[in-house]
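The structure appears below as structure tokens.
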Amino acid sequence: MSRARDIEILTEALALECGNTSMLAALADDLDFELAATKLDGRFADKAEDPAIKALFRKFPRGATGHVRGLRRIQELTRSAKALVLFFCPPCGWQLDFGPDPDEGAEAKCRLCRGTFALRLVNGDWTLDRLAP
């Protein structure tokens with residue numbers, strides 16, 4: 001693959017992650033933890049002498065596979081262009097919906113308290129700026 005194509009792929013990936021950098025990093029950490037825990041539980045099961053403890057440690061990895069699938073699915077959804085950018089209104093807690101793939105500076109008005117907010121990108125994460133009460 002050419003260097004230009006590598007840069008194009010990286011640019012597309014970063015564009016999709018725009019606004020969700022911290023969330024995707026946390027999901028990656030959670031996924032790493034689940035995968036490491038699965039391996040460790042298997043080792044504990046191999047070393048356990050008590051059959052009940054052995055069975056318990058064999059059961060944990062089966063449950064963790066569901067967590068791994070769920071975390072991967074959330075990562076895929078978050079990276080997709082269809083992922084909605086949603087916040088809770090800071091004063092009242094109502095949902096603010098900026099839709100999928102908003103631009104920086106996009107505005108939303110809270111339907112409950114009528115506050116107006118704009119999206120701002122800070123270090124790869126969306127934040128809210130309050131524009132009006």
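Order determines the names: the first chain of the structure tokens is A, the second B, and so forth; residues in each chain are numbered 1 upward, and ligands are numbered 1 upward as they are shown.
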Within chain A, find each residue whose DSSP state, derived from the backbone, is alpha helix (DSSP H), and express the selection as a count of residues only.
-> 71
Mind running segment 2-95 of chain A against segment 113-133 of chain A at 7 Å and telling me each contacting residue's nearest atom pair with the distance in Å (one decimal), counting only C-alpha atoms, chain and number ascending, as JSON lines?
```
{"residue": "A:Cys18", "atom": "CA", "partner": "A:Gly124", "partner_atom": "CA", "distance": 5.6}
{"residue": "A:Gly19", "atom": "CA", "partner": "A:Asp125", "partner_atom": "CA", "distance": 3.9}
{"residue": "A:Asn20", "atom": "CA", "partner": "A:Asp125", "partner_atom": "CA", "distance": 5.2}
{"residue": "A:Thr21", "atom": "CA", "partner": "A:Gly124", "partner_atom": "CA", "distance": 5.2}
{"residue": "A:Ser22", "atom": "CA", "partner": "A:Asp125", "partner_atom": "CA", "distance": 6.5}
{"residue": "A:Cys92", "atom": "CA", "partner": "A:Cys113", "partner_atom": "CA", "distance": 6.6}
```
Counting only C-alpha atoms, which of A:Leu31, A:Cys110, A:Leu71, A:Ile53 gets nearest to Pro91 of chain A?
->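 Ranking A:Leu31, A:Cys110, A:Leu71, A:Ile53 by distance to Pro91 of chain A, first place goes to A:Cys110.
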Near-Phe57 of chain A list (7 Å; only C-alpha atoms; drop same-chain fewer than 5 positions) as an MDAnalysis selection string | chainID A and resid 41:42 44:45
Two-atom distance - atom CA of Ala28 of chain A, atom CA of Gln95 of chain A (Å) |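 For atom CA of Ala28 of chain A relative to atom CA of Gln95 of chain A, the distance reads 26.2 Å.
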Of the candidates A:Ala26, A:Pro100, A:Pro51, A:Arg58, which one gets nearest to Leu77 of chain A if we count only C-alpha atoms?
->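 Among the listed residues, the smallest separation from Leu77 of chain A belongs to A:Pro100.
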Distance in Å - atom CA of Ile74 of chain A versus atom CA of Phe60 of chain A =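 Computing the Euclidean distance for atom CA of Ile74 of chain A and atom CA of Phe60 of chain A yields 21.3 Å.
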Compile the contact shell of Arg73 of chain A as a list in words: residues with an atom at most 12 Å away, counting only C-alpha atoms, same-chain residues fewer than 4 positions apart removed.
-> Leu24, Leu27, Ala28, Leu31, Gly66, His67, Val68, Arg69, Leu77, Thr78, Arg79 and Ser80 of chain A
Kindly indicate which residue among A:Gly105, A:Leu112, A:Glu76, A:Ala36 lies nearest to Pro90 of chain A, using only C-alpha atoms for the distances.
->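 Residue with the minimum atom-to-atom distance to Pro90 of chain A: A:Leu112.
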Pairwise distance for atom CA of Arg43 of chain A and atom CA of Gly63 of chain A, rounded to one decimal in Å |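 Pair atom CA of Arg43 of chain A / atom CA of Gly63 of chain A returns 15.9 Å.
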